$ cat target04.cif   # mmCIF, C-alpha atoms
data_structure
loop_
_atom_site.label_atom_id
_atom_site.label_comp_id
_atom_site.auth_asym_id
_atom_site.auth_seq_id
_atom_site.Cartn_x
_atom_site.Cartn_y
_atom_site.Cartn_z
CA MET A 1 8.71 -9.60 19.82
CA SER A 2 6.96 -12.05 22.12
CA ASN A 3 3.78 -11.27 24.04
CA LYS A 4 2.41 -7.99 22.67
CA LEU A 5 3.90 -7.23 19.26
CA PHE A 6 2.13 -4.02 18.38
CA GLY A 7 2.46 -0.70 20.13
CA THR A 8 0.75 2.59 19.40
CA ASP A 9 1.89 2.57 15.77
CA GLY A 10 2.97 -0.85 14.53
CA VAL A 11 5.97 -2.74 15.92
CA ARG A 12 8.99 -0.78 17.11
CA GLY A 13 12.17 -1.41 19.09
CA LEU A 14 15.92 -1.88 19.01
CA ALA A 15 16.98 -3.18 15.59
CA GLY A 16 18.75 -6.52 15.86
CA ARG A 17 17.08 -7.29 19.19
CA LYS A 18 13.34 -6.68 19.52
CA VAL A 19 13.12 -5.99 15.78
CA SER A 20 15.48 -8.72 14.59
CA ALA A 21 15.74 -10.40 11.20
CA PRO A 22 14.19 -13.71 12.37
CA ALA A 23 11.35 -11.90 14.14
CA ALA A 24 10.70 -9.66 11.11
CA MET A 25 10.58 -12.69 8.81
CA ARG A 26 8.13 -14.51 11.06
CA LEU A 27 5.98 -11.39 11.42
CA ALA A 28 5.92 -11.03 7.63
CA MET A 29 4.80 -14.65 7.35
CA ALA A 30 2.02 -14.06 9.89
CA THR A 31 0.93 -10.92 8.06
CA GLY A 32 0.89 -12.68 4.71
CA ILE A 33 -1.08 -15.61 6.15
CA TYR A 34 -3.65 -13.20 7.56
CA PHE A 35 -4.13 -11.29 4.29
CA ARG A 36 -4.28 -14.56 2.36
CA SER A 37 -7.17 -15.63 4.61
CA LEU A 38 -9.35 -12.67 3.64
CA ASP A 39 -12.26 -13.42 1.36
CA ARG A 40 -11.38 -10.94 -1.37
CA GLN A 41 -10.08 -10.98 -4.93
CA GLY A 42 -6.56 -9.64 -4.56
CA THR A 43 -3.51 -9.13 -6.72
CA ASN A 44 -1.21 -11.31 -4.59
CA ARG A 45 1.17 -8.34 -4.20
CA ILE A 46 2.40 -6.60 -1.06
CA LEU A 47 4.30 -3.31 -1.26
CA VAL A 48 7.30 -2.66 1.01
CA GLY A 49 8.96 0.70 1.65
CA LYS A 50 11.46 1.93 4.22
CA ASP A 51 13.23 4.98 5.60
CA THR A 52 16.98 5.59 5.53
CA ARG A 53 18.19 3.55 8.53
CA ARG A 54 21.05 1.11 7.94
CA SER A 55 19.03 -1.64 9.63
CA GLY A 56 16.36 -1.24 6.95
CA TYR A 57 18.41 -3.44 4.64
CA MET A 58 18.36 -6.29 7.14
CA ILE A 59 14.68 -5.98 7.97
CA GLU A 60 13.59 -5.47 4.37
CA ASN A 61 15.31 -8.66 3.23
CA ALA A 62 13.79 -10.58 6.13
CA ILE A 63 10.31 -9.30 5.30
CA VAL A 64 10.71 -10.17 1.63
CA SER A 65 11.78 -13.68 2.63
CA GLY A 66 8.79 -14.07 4.91
CA LEU A 67 6.25 -12.82 2.40
CA THR A 68 7.58 -14.85 -0.53
CA ALA A 69 7.72 -17.93 1.72
CA VAL A 70 3.94 -17.76 2.15
CA GLY A 71 3.34 -17.12 -1.53
CA PHE A 72 3.14 -13.35 -1.94
CA ASP A 73 4.90 -11.30 -4.60
CA VAL A 74 6.68 -8.25 -3.20
CA ILE A 75 7.15 -4.79 -4.67
CA GLN A 76 10.11 -2.98 -3.07
CA ILE A 77 10.14 0.80 -3.50
CA GLY A 78 13.11 1.75 -1.32
CA PRO A 79 13.22 4.90 0.85
CA MET A 80 9.84 6.65 0.70
CA PRO A 81 7.65 8.46 3.27
CA THR A 82 5.18 6.41 5.28
CA PRO A 83 2.18 8.19 3.69
CA ALA A 84 3.62 7.38 0.26
CA VAL A 85 3.50 3.68 1.14
CA ALA A 86 -0.14 4.07 2.19
CA PHE A 87 -0.99 5.91 -1.04
CA LEU A 88 0.93 3.56 -3.34
CA THR A 89 -0.50 0.44 -1.70
CA GLU A 90 -3.97 1.52 -2.80
CA SER A 91 -2.87 3.12 -6.09
CA MET A 92 -0.96 0.02 -7.23
CA ARG A 93 -3.79 -2.31 -6.14
CA CYS A 94 -1.68 -4.23 -3.66
CA ASP A 95 -3.22 -6.49 -1.04
CA ALA A 96 -1.28 -4.76 1.74
CA GLY A 97 1.57 -2.36 2.40
CA ILE A 98 4.47 -2.46 4.85
CA MET A 99 6.65 0.46 5.95
CA ILE A 100 9.96 -0.20 7.71
CA SER A 101 10.58 2.76 9.99
CA ALA A 102 10.88 3.79 13.62
CA SER A 103 9.55 7.26 12.68
CA HIS A 104 11.11 9.87 14.99
CA ASN A 105 13.24 7.40 16.98
CA PRO A 106 17.07 7.33 16.74
CA PHE A 107 18.78 5.30 14.01
CA TYR A 108 19.44 2.27 16.22
CA ASP A 109 15.70 1.60 16.52
CA ASN A 110 13.51 0.38 13.72
CA GLY A 111 9.91 -0.62 13.27
CA ILE A 112 7.30 -2.11 10.96
CA LYS A 113 3.99 -0.45 10.07
CA PHE A 114 1.19 -2.15 8.17
CA PHE A 115 -1.53 -0.96 5.78
CA ASP A 116 -4.51 -2.75 4.27
CA ALA A 117 -5.43 -2.71 0.58
CA GLU A 118 -7.14 0.69 0.97
CA GLY A 119 -4.04 2.26 2.53
CA ASN A 120 -5.46 2.31 6.06
CA LYS A 121 -3.45 1.37 9.13
CA LEU A 122 -4.59 -1.88 10.72
CA ASN A 123 -7.02 -1.69 13.62
CA ARG A 124 -6.35 -3.40 16.93
CA GLY A 125 -8.54 -6.38 16.07
CA VAL A 126 -6.48 -7.17 12.96
CA GLU A 127 -3.24 -6.70 14.88
CA GLU A 128 -4.44 -9.24 17.45
CA ARG A 129 -5.20 -11.77 14.71
CA ILE A 130 -1.69 -11.32 13.27
CA GLU A 131 -0.19 -11.68 16.75
CA ALA A 132 -2.11 -14.94 17.23
CA ILE A 133 -0.74 -16.33 13.94
CA TYR A 134 2.78 -15.19 14.87
CA GLU A 135 2.63 -17.15 18.13
CA ASN A 136 1.20 -20.29 16.45
CA ASP A 137 3.96 -22.59 15.16
CA GLU A 138 1.48 -24.80 13.35
CA ALA A 139 -0.09 -21.85 11.52
CA ILE A 140 3.33 -20.56 10.46
CA GLU A 141 4.38 -24.00 9.23
CA ALA A 142 1.11 -24.62 7.38
CA GLY A 143 1.20 -21.19 5.72
CA GLN A 144 4.51 -21.77 3.94
CA VAL A 145 4.30 -22.85 0.30
CA THR A 146 6.49 -24.85 -2.08
CA GLY A 147 7.27 -25.13 -5.80
CA LYS A 148 5.69 -22.62 -8.14
CA ALA A 149 3.60 -21.13 -5.32
CA ILE A 150 6.67 -19.42 -3.79
CA GLY A 151 6.51 -15.67 -4.40
CA LYS A 152 8.95 -13.35 -6.12
CA SER A 153 10.14 -9.81 -5.49
CA LYS A 154 10.75 -6.83 -7.73
CA ARG A 155 12.30 -3.45 -6.97
CA ILE A 156 10.68 -0.41 -8.59
CA ASP A 157 12.52 2.92 -8.47
CA ASP A 158 10.16 5.21 -10.41
CA VAL A 159 7.17 5.31 -8.03
CA ILE A 160 8.48 8.54 -6.50
CA GLY A 161 6.98 10.39 -9.47
CA ARG A 162 3.50 9.05 -8.76
CA TYR A 163 3.62 10.29 -5.19
CA ILE A 164 5.02 13.70 -6.17
CA VAL A 165 2.19 14.24 -8.67
CA HIS A 166 -0.38 13.12 -6.08
CA ILE A 167 0.88 15.51 -3.40
CA LYS A 168 1.27 18.44 -5.80
CA ASN A 169 -2.37 17.98 -6.84
CA SER A 170 -3.37 18.63 -3.23
CA PHE A 171 -2.10 22.21 -3.50
CA PRO A 172 -4.68 24.73 -4.79
CA LYS A 173 -4.08 25.32 -8.50
CA HIS A 174 -4.81 29.05 -8.24
CA LEU A 175 -1.97 29.53 -5.75
CA ALA A 176 1.82 29.35 -6.03
CA LEU A 177 4.78 29.49 -3.66
CA SER A 178 6.83 31.77 -5.88
CA ASN A 179 6.96 34.56 -3.31
CA LEU A 180 8.10 32.38 -0.41
CA ARG A 181 11.53 31.36 0.77
CA VAL A 182 11.09 28.03 2.55
CA VAL A 183 13.71 26.17 4.57
CA VAL A 184 12.87 22.45 4.67
CA ASP A 185 14.58 20.04 7.06
CA CYS A 186 14.14 16.45 5.86
CA ALA A 187 15.67 14.89 8.99
CA ASN A 188 18.02 12.81 6.80
CA GLY A 189 15.02 10.57 6.42
CA ALA A 190 12.51 9.19 3.97
CA GLY A 191 11.40 12.56 2.60
CA TYR A 192 14.85 13.79 1.61
CA LYS A 193 14.15 13.57 -2.13
CA VAL A 194 10.41 14.10 -2.29
CA ALA A 195 9.93 17.20 -0.11
CA PRO A 196 12.46 19.55 -1.78
CA THR A 197 11.29 18.48 -5.24
CA ILE A 198 7.64 19.22 -4.51
CA LEU A 199 8.32 22.62 -2.93
CA SER A 200 10.63 23.64 -5.79
CA GLU A 201 8.17 22.58 -8.48
CA LEU A 202 5.48 24.68 -6.80
CA GLY A 203 7.73 27.72 -7.14
CA ALA A 204 9.24 28.17 -3.70
CA ASP A 205 12.78 29.41 -3.13
CA VAL A 206 13.91 26.32 -1.22
CA VAL A 207 16.79 25.90 1.19
CA VAL A 208 17.28 22.21 2.00
CA LEU A 209 18.62 20.75 5.24
CA GLY A 210 18.93 17.15 6.39
CA ASN A 211 19.08 15.66 2.89
CA GLU A 212 22.29 13.64 3.21
CA PRO A 213 21.30 10.38 4.93
CA ASN A 214 24.11 7.95 5.74
CA GLY A 215 22.10 5.29 7.56
CA PHE A 216 22.92 6.64 11.01
CA ASN A 217 22.05 10.36 11.03
CA ILE A 218 18.27 10.09 10.68
CA ASN A 219 16.61 12.46 13.22
CA GLU A 220 20.06 13.25 14.65
CA GLY A 221 20.00 16.87 15.78
CA CYS A 222 17.63 17.75 12.94
CA GLY A 223 14.09 17.42 11.66
CA ALA A 224 10.85 17.63 13.60
CA MET A 225 12.48 16.31 16.76
CA HIS A 226 15.03 19.16 16.80
CA PRO A 227 13.32 22.23 15.30
CA GLU A 228 15.84 24.50 17.00
CA TYR A 229 18.26 23.69 14.17
CA LEU A 230 15.68 24.69 11.58
CA ALA A 231 14.87 27.85 13.54
CA LYS A 232 18.49 29.02 13.34
CA GLU A 233 18.61 28.42 9.61
CA VAL A 234 15.30 30.22 9.01
CA LEU A 235 16.78 33.30 10.66
CA ARG A 236 20.11 32.92 8.85
CA TYR A 237 18.49 32.70 5.42
CA ARG A 238 15.80 35.29 6.28
CA ALA A 239 13.18 32.80 5.16
CA ASP A 240 9.43 33.25 5.34
CA VAL A 241 8.80 29.89 6.98
CA GLY A 242 10.54 26.65 7.94
CA VAL A 243 9.22 23.11 7.45
CA ALA A 244 10.58 20.19 9.50
CA LEU A 245 9.75 16.53 8.84
CA ASP A 246 10.58 13.49 10.93
CA GLY A 247 12.36 10.34 9.79
CA ASP A 248 9.45 8.85 7.86
CA ALA A 249 7.92 12.21 6.86
CA ASP A 250 4.53 11.63 8.46
CA ARG A 251 5.00 14.49 10.93
CA LEU A 252 5.19 18.26 10.40
CA VAL A 253 6.64 21.03 12.55
CA LEU A 254 6.57 24.64 11.31
CA VAL A 255 8.86 27.50 12.27
CA ASP A 256 7.81 31.10 11.60
CA GLU A 257 9.97 33.87 10.15
CA GLN A 258 11.03 34.94 13.64
CA GLY A 259 12.50 31.52 14.36
CA GLU A 260 9.66 30.49 16.67
CA VAL A 261 8.18 26.99 16.54
CA VAL A 262 4.48 27.06 15.67
CA ASP A 263 2.47 25.17 18.29
CA GLY A 264 0.71 22.12 16.85
CA ASP A 265 -2.66 22.99 18.38
CA LYS A 266 -2.49 26.52 16.98
CA LEU A 267 -1.61 25.14 13.56
CA MET A 268 -4.51 22.70 13.55
CA GLY A 269 -6.88 25.37 14.81
CA VAL A 270 -6.19 27.90 12.05
CA LEU A 271 -6.22 25.17 9.39
CA ALA A 272 -9.62 23.92 10.58
CA VAL A 273 -11.05 27.45 10.36
CA TYR A 274 -9.41 27.91 6.94
CA LEU A 275 -11.05 24.73 5.68
CA LYS A 276 -14.44 25.80 7.02
CA GLU A 277 -14.18 29.22 5.38
CA GLN A 278 -13.55 27.43 2.08
CA GLY A 279 -16.49 25.10 2.60
CA ARG A 280 -14.14 22.10 2.77
CA LEU A 281 -14.53 21.08 6.44
CA GLN A 282 -16.88 18.12 6.53
CA ASN A 283 -19.61 18.27 9.18
CA ASP A 284 -17.99 21.34 10.76
CA GLY A 285 -15.78 19.21 12.98
CA MET A 286 -12.26 17.94 13.50
CA VAL A 287 -10.47 15.37 15.66
CA ALA A 288 -7.55 15.95 18.01
CA THR A 289 -6.21 13.74 20.78
CA VAL A 290 -6.61 13.91 24.53
CA MET A 291 -3.22 15.68 24.58
CA SER A 292 -4.48 18.83 22.87
CA ASN A 293 -4.89 22.07 24.81
CA GLN A 294 -8.35 23.11 26.01
CA ALA A 295 -7.76 26.46 24.29
CA LEU A 296 -8.13 24.64 20.96
CA ASP A 297 -11.65 23.53 21.94
CA ASP A 298 -12.58 27.09 22.88
CA TYR A 299 -11.11 28.64 19.71
CA LEU A 300 -12.90 26.19 17.43
CA ALA A 301 -16.18 26.62 19.30
CA ARG A 302 -16.04 30.35 18.61
CA HIS A 303 -15.96 29.49 14.90
CA GLY A 304 -18.78 26.96 15.05
CA ILE A 305 -16.47 23.93 14.85
CA THR A 306 -16.82 20.87 17.08
CA LEU A 307 -13.68 19.21 18.41
CA TYR A 308 -13.74 15.45 19.03
CA ARG A 309 -10.95 13.85 21.05
CA SER A 310 -9.37 10.46 20.38
CA ALA A 311 -6.72 8.39 22.10
CA VAL A 312 -3.09 9.20 21.21
CA GLY A 313 -1.91 7.86 17.85
CA ASP A 314 -2.75 9.05 14.35
CA LYS A 315 -4.59 5.84 13.50
CA ASN A 316 -6.91 6.51 16.46
CA VAL A 317 -7.46 9.99 15.06
CA VAL A 318 -8.31 8.52 11.65
CA GLU A 319 -10.72 5.96 13.13
CA LEU A 320 -12.65 8.68 14.96
CA MET A 321 -12.65 10.88 11.86
CA GLN A 322 -14.22 8.03 9.90
CA GLU A 323 -16.75 7.39 12.65
CA LYS A 324 -17.83 11.05 12.74
CA GLY A 325 -17.67 11.61 8.99
CA LEU A 326 -14.84 14.16 9.18
CA ASN A 327 -11.96 14.93 6.82
CA PHE A 328 -9.55 16.76 9.13
CA GLY A 329 -7.76 15.90 12.35
CA GLY A 330 -4.38 15.41 13.93
CA GLU A 331 -2.07 15.36 16.90
CA GLN A 332 -0.38 18.39 18.41
CA SER A 333 2.94 16.57 17.89
CA GLY A 334 2.63 17.10 14.13
CA HIS A 335 0.69 14.16 12.70
CA ILE A 336 -1.96 16.03 10.70
CA ILE A 337 -4.48 14.22 8.53
CA PHE A 338 -6.24 15.75 5.55
CA SER A 339 -8.18 12.64 4.54
CA ASP A 340 -9.11 14.17 1.17
CA PHE A 341 -5.44 13.67 0.26
CA ALA A 342 -3.98 11.05 2.63
CA LYS A 343 -5.08 8.08 4.74
CA THR A 344 -2.55 8.83 7.48
CA GLY A 345 -0.41 11.67 8.77
CA ASP A 346 1.51 13.22 5.88
CA GLY A 347 4.07 15.87 6.73
CA ILE A 348 4.56 17.07 3.17
CA SER A 349 0.87 17.23 2.26
CA SER A 350 0.13 19.02 5.55
CA ALA A 351 2.95 21.48 4.87
CA LEU A 352 1.39 22.34 1.51
CA GLN A 353 -2.00 23.01 3.13
CA ALA A 354 -0.34 25.21 5.75
CA LEU A 355 1.59 27.09 3.05
CA ALA A 356 -1.61 27.53 1.02
CA TYR A 357 -3.22 29.11 4.07
CA LEU A 358 -0.15 31.30 4.63
CA VAL A 359 -0.15 32.54 1.04
CA SER A 360 -3.91 33.14 1.08
CA SER A 361 -3.76 35.09 4.36
CA GLY A 362 -1.24 37.58 3.00
CA ARG A 363 0.33 37.76 6.46
CA LYS A 364 3.62 36.74 8.00
CA ALA A 365 3.79 33.26 9.50
CA SER A 366 4.17 34.65 13.03
CA GLU A 367 0.79 36.35 12.64
CA ALA A 368 -1.06 33.81 10.52
CA PHE A 369 -0.38 30.84 12.82
CA ASN A 370 -0.88 32.65 16.12
CA ALA A 371 -4.65 33.10 16.29
CA PHE A 372 -5.17 32.25 19.98
CA ASP A 373 -3.32 31.79 23.26
CA LEU A 374 -2.81 28.41 24.88
CA TYR A 375 -3.57 27.55 28.49
CA PRO A 376 -0.46 26.63 30.51
CA GLN A 377 0.48 22.93 30.34
CA LYS A 378 3.07 20.83 32.11
CA LEU A 379 4.17 17.54 30.53
CA VAL A 380 6.63 15.15 32.19
CA ASN A 381 7.86 11.81 30.84
CA LEU A 382 8.70 9.71 33.88
CA GLY A 383 10.72 6.50 33.61
CA VAL A 384 9.05 3.53 35.29
CA ALA A 385 10.23 0.05 36.27
CA LYS A 386 6.84 -1.52 35.60
CA LYS A 387 3.59 -0.52 33.94
CA ARG A 388 0.92 -1.30 36.51
CA PRO A 389 -2.64 -0.79 35.24
CA LEU A 390 -3.63 2.68 36.38
CA GLU A 391 -6.97 1.46 37.69
CA GLU A 392 -5.10 -0.81 40.13
CA ILE A 393 -3.03 1.96 41.74
CA ASP A 394 -4.31 2.80 45.20
CA GLY A 395 -4.74 6.48 45.87
CA LEU A 396 -4.87 7.54 42.21
CA PRO A 397 -8.61 8.39 42.19
CA GLU A 398 -8.06 10.66 45.18
CA LEU A 399 -5.12 12.36 43.45
CA GLN A 400 -7.17 12.88 40.29
CA ALA A 401 -10.04 14.34 42.33
CA ALA A 402 -7.62 16.79 43.96
CA ILE A 403 -6.31 17.87 40.56
CA GLU A 404 -9.82 18.41 39.21
CA GLY A 405 -10.81 20.24 42.40
CA ALA A 406 -7.97 22.66 41.73
CA GLY A 407 -9.48 23.44 38.30
CA MET A 408 -6.87 21.54 36.29
CA ARG A 409 -7.14 19.01 33.48
CA HIS A 410 -5.02 15.86 33.71
CA LEU A 411 -3.96 12.96 31.54
CA PHE A 412 -1.81 10.04 32.65
CA ARG A 413 -0.87 7.34 30.14
CA TYR A 414 1.90 4.86 29.47
CA SER A 415 4.08 5.11 26.37
CA GLY A 416 3.27 2.41 23.85
CA THR A 417 6.94 1.77 23.03
CA GLU A 418 9.03 2.82 26.05
CA ASN A 419 9.05 2.28 29.82
CA LEU A 420 7.61 5.69 30.46
CA ILE A 421 4.47 7.18 31.91
CA ARG A 422 3.44 10.50 30.37
CA LEU A 423 2.02 12.96 32.89
CA LEU A 424 0.07 15.97 31.63
CA LEU A 425 -1.45 18.76 33.68
CA GLU A 426 -3.21 21.82 32.29
CA GLY A 427 -4.57 24.87 34.12
CA GLU A 428 -4.60 28.63 34.29
CA ASN A 429 -1.85 29.19 36.88
CA ASP A 430 1.78 28.24 36.13
CA ARG A 431 2.84 28.21 39.77
CA GLU A 432 -0.03 25.91 40.78
CA LEU A 433 0.77 23.63 37.86
CA GLU A 434 4.39 23.33 39.00
CA ARG A 435 3.33 22.56 42.57
CA MET A 436 0.78 19.97 41.53
CA MET A 437 3.17 18.31 39.06
CA GLU A 438 5.75 17.86 41.84
CA GLU A 439 3.08 16.07 43.85
CA VAL A 440 2.06 13.94 40.85
CA GLU A 441 5.67 12.97 40.03
CA ALA A 442 6.34 11.99 43.64
CA PHE A 443 3.19 9.84 43.69
CA PHE A 444 4.07 7.90 40.54
CA ARG A 445 7.73 7.49 41.49
CA LYS A 446 6.60 5.82 44.71
CA GLU A 447 3.99 3.61 43.03
CA LEU A 448 5.91 2.57 39.87
CA SER A 449 9.52 2.29 40.99
#
$ encode --input "target04.cif" --output "structure tokens"
Amino acid sequence: MSNKLFGTDGVRGLAGRKVSAPAAMRLAMATGIYFRSLDRQGTNRILVGKDTRRSGYMIENAIVSGLTAVGFDVIQIGPMPTPAVAFLTESMRCDAGIMISASHNPFYDNGIKFFDAEGNKLNRGVEERIEAIYENDEAIEAGQVTGKAIGKSKRIDDVIGRYIVHIKNSFPKHLALSNLRVVVDCANGAGYKVAPTILSELGADVVVLGNEPNGFNINEGCGAMHPEYLAKEVLRYRADVGVALDGDADRLVLVDEQGEVVDGDKLMGVLAVYLKEQGRLQNDGMVATVMSNQALDDYLARHGITLYRSAVGDKNVVELMQEKGLNFGGEQSGHIIFSDFAKTGDGISSALQALAYLVSSGRKASEAFNAFDLYPQKLVNLGVAKKRPLEEIDGLPELQAAIEGAGMRHLFRYSGTENLIRLLLEGENDRELERMMEEVEAFFRKELS
């Protein structure tokens, strides 16, 4: 965890190596020292949650050690969704919140996400200050306390009820799910208890998948990363809709009654229009990322809605939403933010809003979530040996000009957590997209090998 600690969404990597127990303890110390330095009247408590990975035990204990060593009391809530940690951090008046999860990654990875006292993810400036403390031996040494100042920890198992009530209250009281059969795939992750309970209590006929975590099967052939499994079960059970979460339940993927995955841009588009029709879309706008299809812009424009684009990452979406005074946004990958109910992407809350729209429409999911056609896109994740700054690559401006001259949209960016460059092309002609992508791949293979 040397050099740059934080990626797109917290710290993430191979558990026991990049995210090791000593590194997690030191990072917890640095985080505690930072929050102690703030000029605010706090409660001296930090909340810690996790998903269902085996390595969560190791990292949780290391974090508790680090926080108590610098004088904080710790509340441990066990396996809970990432958005639940954000909500409970604010609800329980904690000074900060920490979620141990690698989200959609395989079980052998793990990660650490941070929230401030209001349940917001930390901005880059705060992350840089924590990184600076982490690298400073003197600051780490000086921040440790002795005697009665050492903190204590307490495990609380009943907070799940608070989150369930909170999420249920986001569903319109005049609606019910009693006429829907819903298949929910919990990815053997953090939402395996919460999601089925909420859907059942709202009246749905629920079929549950991926609710038997064993520490190693999180995201394994299931959940939002593998919706094909959910699609088969939706058809088998003749369900009205399928809901897939990822490992920490901050992402949503829907499957319609025909077993087709609902595109994330189409889902966000119809939900934005639904909110506007109800008078609930603040400032007639929403935020998506640079990855979203141009067809989403055009569809929203026809309904008098402005689309703003942020960098990739749900915290970037949230920051732009706050800047523009908006209450809705998301990523096509499934992180959808209804800020009236959650400070970050919340797969369960977003599922309830989508189901409310489905019930209100009176249509089948395949019709309700298919309001417009997308423009063809080609996305390639290319492994790279090194991440050279794009602005330093000779010939790239000329390649970009050629792409734009061919009437295509492009986006090239490095992964925040892996040695990959993500290459996106979008245009009206599939054959031209394929040809141009071959040229783009060959260019980056030559320059980044």
$ residues_around --input "target04.cif" --residues "segment 285-287 of chain A" --least-positions-apart "4" --cutoff "6 Å" --atoms "all atoms listed in the file" --output "VMD selection string"
chain A and resid 305 to 309 328 to 329
$ residues_around --input "target04.cif" --residues "Asp298 of chain A" --least-positions-apart "5" --cutoff "12 Å" --atoms "only C-alpha atoms" --output "list of chain:residue names"
A:Asp265, A:Lys266, A:Gly269, A:Ser292, A:Asn293, A:His303, A:Gly304, A:Ile305, A:Thr306, A:Leu307, A:Ala371, A:Phe372, A:Asp373, A:Leu374, A:Tyr375
$ write_last_selection --input "target04.cif" --atoms "C-alpha atoms" --output "PDB file, keeping the file's coordinate frame"
ATOM      1  CA  ASP A 265      -2.660  22.990  18.380  1.00  0.00           C
ATOM      2  CA  LYS A 266      -2.490  26.520  16.980  1.00  0.00           C
ATOM      3  CA  GLY A 269      -6.880  25.370  14.810  1.00  0.00           C
ATOM      4  CA  SER A 292      -4.480  18.830  22.870  1.00  0.00           C
ATOM      5  CA  ASN A 293      -4.890  22.070  24.810  1.00  0.00           C
ATOM      6  CA  HIS A 303     -15.960  29.490  14.900  1.00  0.00           C
ATOM      7  CA  GLY A 304     -18.780  26.960  15.050  1.00  0.00           C
ATOM      8  CA  ILE A 305     -16.470  23.930  14.850  1.00  0.00           C
ATOM      9  CA  THR A 306     -16.820  20.870  17.080  1.00  0.00           C
ATOM     10  CA  LEU A 307     -13.680  19.210  18.410  1.00  0.00           C
ATOM     11  CA  ALA A 371      -4.650  33.100  16.290  1.00  0.00           C
ATOM     12  CA  PHE A 372      -5.170  32.250  19.980  1.00  0.00           C
ATOM     13  CA  ASP A 373      -3.320  31.790  23.260  1.00  0.00           C
ATOM     14  CA  LEU A 374      -2.810  28.410  24.880  1.00  0.00           C
ATOM     15  CA  TYR A 375      -3.570  27.550  28.490  1.00  0.00           C
TER      16      TYR A 375
END
$ atom_distance --input "target04.cif" --atom1 "atom CA of Lys276 of chain A" --atom2 "atom CA of Leu300 of chain A"
10.5 Å
$ resolve_selection --input "target04.cif" --expression "the PyMOL selection byres ((chain A and resi 156-158) around 9)" --output "VMD selection string"
chain A and resid 75 to 78 154 to 155 159 to 162
$ residues_around --input "target04.cif" --residues "segment 98-106 of chain A" --least-positions-apart "4" --cutoff "7 Å" --atoms "only C-alpha atoms" --output "ChimeraX atom specification"
/A:12,47-51,56,82,85,110-115,218-220,225,246-248
$ closest_residue --input "target04.cif" --among "A:Gly151, A:Gly203, A:Gly215, A:Gly42" --to "Tyr57 of chain A" --atoms "only C-alpha atoms"
A:Gly215
$ closest_residue --input "target04.cif" --among "A:Phe72, A:Phe338, A:Tyr357, A:Phe412" --to "Ile150 of chain A" --atoms "only C-alpha atoms"
A:Phe72
$ resolve_selection --input "target04.cif" --expression "the PyMOL selection byres ((chain A and resi 235) around 10)" --output "list of chain:residue names"
A:Val183, A:Leu230, A:Ala231, A:Lys232, A:Glu233, A:Val234, A:Arg236, A:Tyr237, A:Arg238, A:Ala239, A:Asp240, A:Val241, A:Gly242, A:Val255, A:Asp256, A:Glu257, A:Gln258, A:Gly259, A:Glu260
$ resolve_selection --input "target04.cif" --expression "the PyMOL selection byres ((chain A and resi 252) around 12)" --output "number ranges by chain"
A: 104, 184-187, 191, 195, 223-227, 242-251, 253-255, 261-264, 267-268, 330-337, 345-354
$ atom_distance --input "target04.cif" --atom1 "atom CA of Met408 of chain A" --atom2 "atom CA of Glu426 of chain A"
5.4 Å
$ atom_distance --input "target04.cif" --atom1 "atom CA of Gly119 of chain A" --atom2 "atom CA of Lys343 of chain A"
6.3 Å
$ closest_residue --input "target04.cif" --among "A:Thr89, A:Tyr192, A:Val206, A:Glu118" --to "Leu177 of chain A" --atoms "all atoms listed in the file"
A:Val206
$ residues_around --input "target04.cif" --residues "segment 163-173 of chain A" --least-positions-apart "6" --cutoff "9 Å" --atoms "all atoms listed in the file" --output "ChimeraX atom specification"
/A:84,87-88,194-195,197-199,201-202,340-342,348-349,352-353,355-356
$ closest_atom_pairs --input "target04.cif" --of "segment 44-141 of chain A" --to "segment 14-34 of chain A" --cutoff "9 Å" --atoms "all atoms listed in the file" --output "CSV"
residue,atom,partner,partner_atom,distance
A:Ile46,CA,A:Gly32,CA,8.5
A:Ser55,CA,A:Ala15,CA,6.5
A:Gly56,CA,A:Ala15,CA,8.9
A:Met58,CA,A:Ala21,CA,6.3
A:Ile59,CA,A:Ala21,CA,5.6
A:Glu60,CA,A:Ala24,CA,8.4
A:Asn61,CA,A:Ala21,CA,8.2
A:Ala62,CA,A:Met25,CA,4.7
A:Ile63,CA,A:Met25,CA,4.9
A:Val64,CA,A:Met25,CA,7.6
A:Ser65,CA,A:Met25,CA,6.4
A:Gly66,CA,A:Met25,CA,4.5
A:Leu67,CA,A:Met29,CA,5.5
A:Thr68,CA,A:Met29,CA,8.4
A:Ala69,CA,A:Met29,CA,7.1
A:Val70,CA,A:Met29,CA,6.1
A:Gly71,CA,A:Gly32,CA,8.0
A:Phe72,CA,A:Gly32,CA,7.1
A:Ala96,CA,A:Gly32,CA,8.7
A:Phe107,CA,A:Ala15,CA,8.8
A:Tyr108,CA,A:Ala15,CA,6.0
A:Asp109,CA,A:Leu14,CA,4.3
A:Asn110,CA,A:Ala15,CA,5.3
A:Gly111,CA,A:Val19,CA,6.7
A:Ile112,CA,A:Ala24,CA,8.3
A:Phe114,CA,A:Thr31,CA,8.8
A:Val126,CA,A:Tyr34,CA,8.6
A:Arg129,CA,A:Tyr34,CA,7.5
A:Ile130,CA,A:Ala30,CA,5.7
A:Glu131,CA,A:Ala30,CA,7.6
A:Ala132,CA,A:Ala30,CA,8.5
A:Ile133,CA,A:Ala30,CA,5.4
A:Tyr134,CA,A:Ala30,CA,5.2
A:Glu135,CA,A:Ala30,CA,8.8
A:Ala139,CA,A:Ala30,CA,8.2
A:Ile140,CA,A:Ala30,CA,6.7
$ closest_residue --input "target04.cif" --among "A:Arg422, A:Ala176, A:Gly221, A:Arg445" --to "Val359 of chain A" --atoms "all atoms listed in the file"
A:Ala176
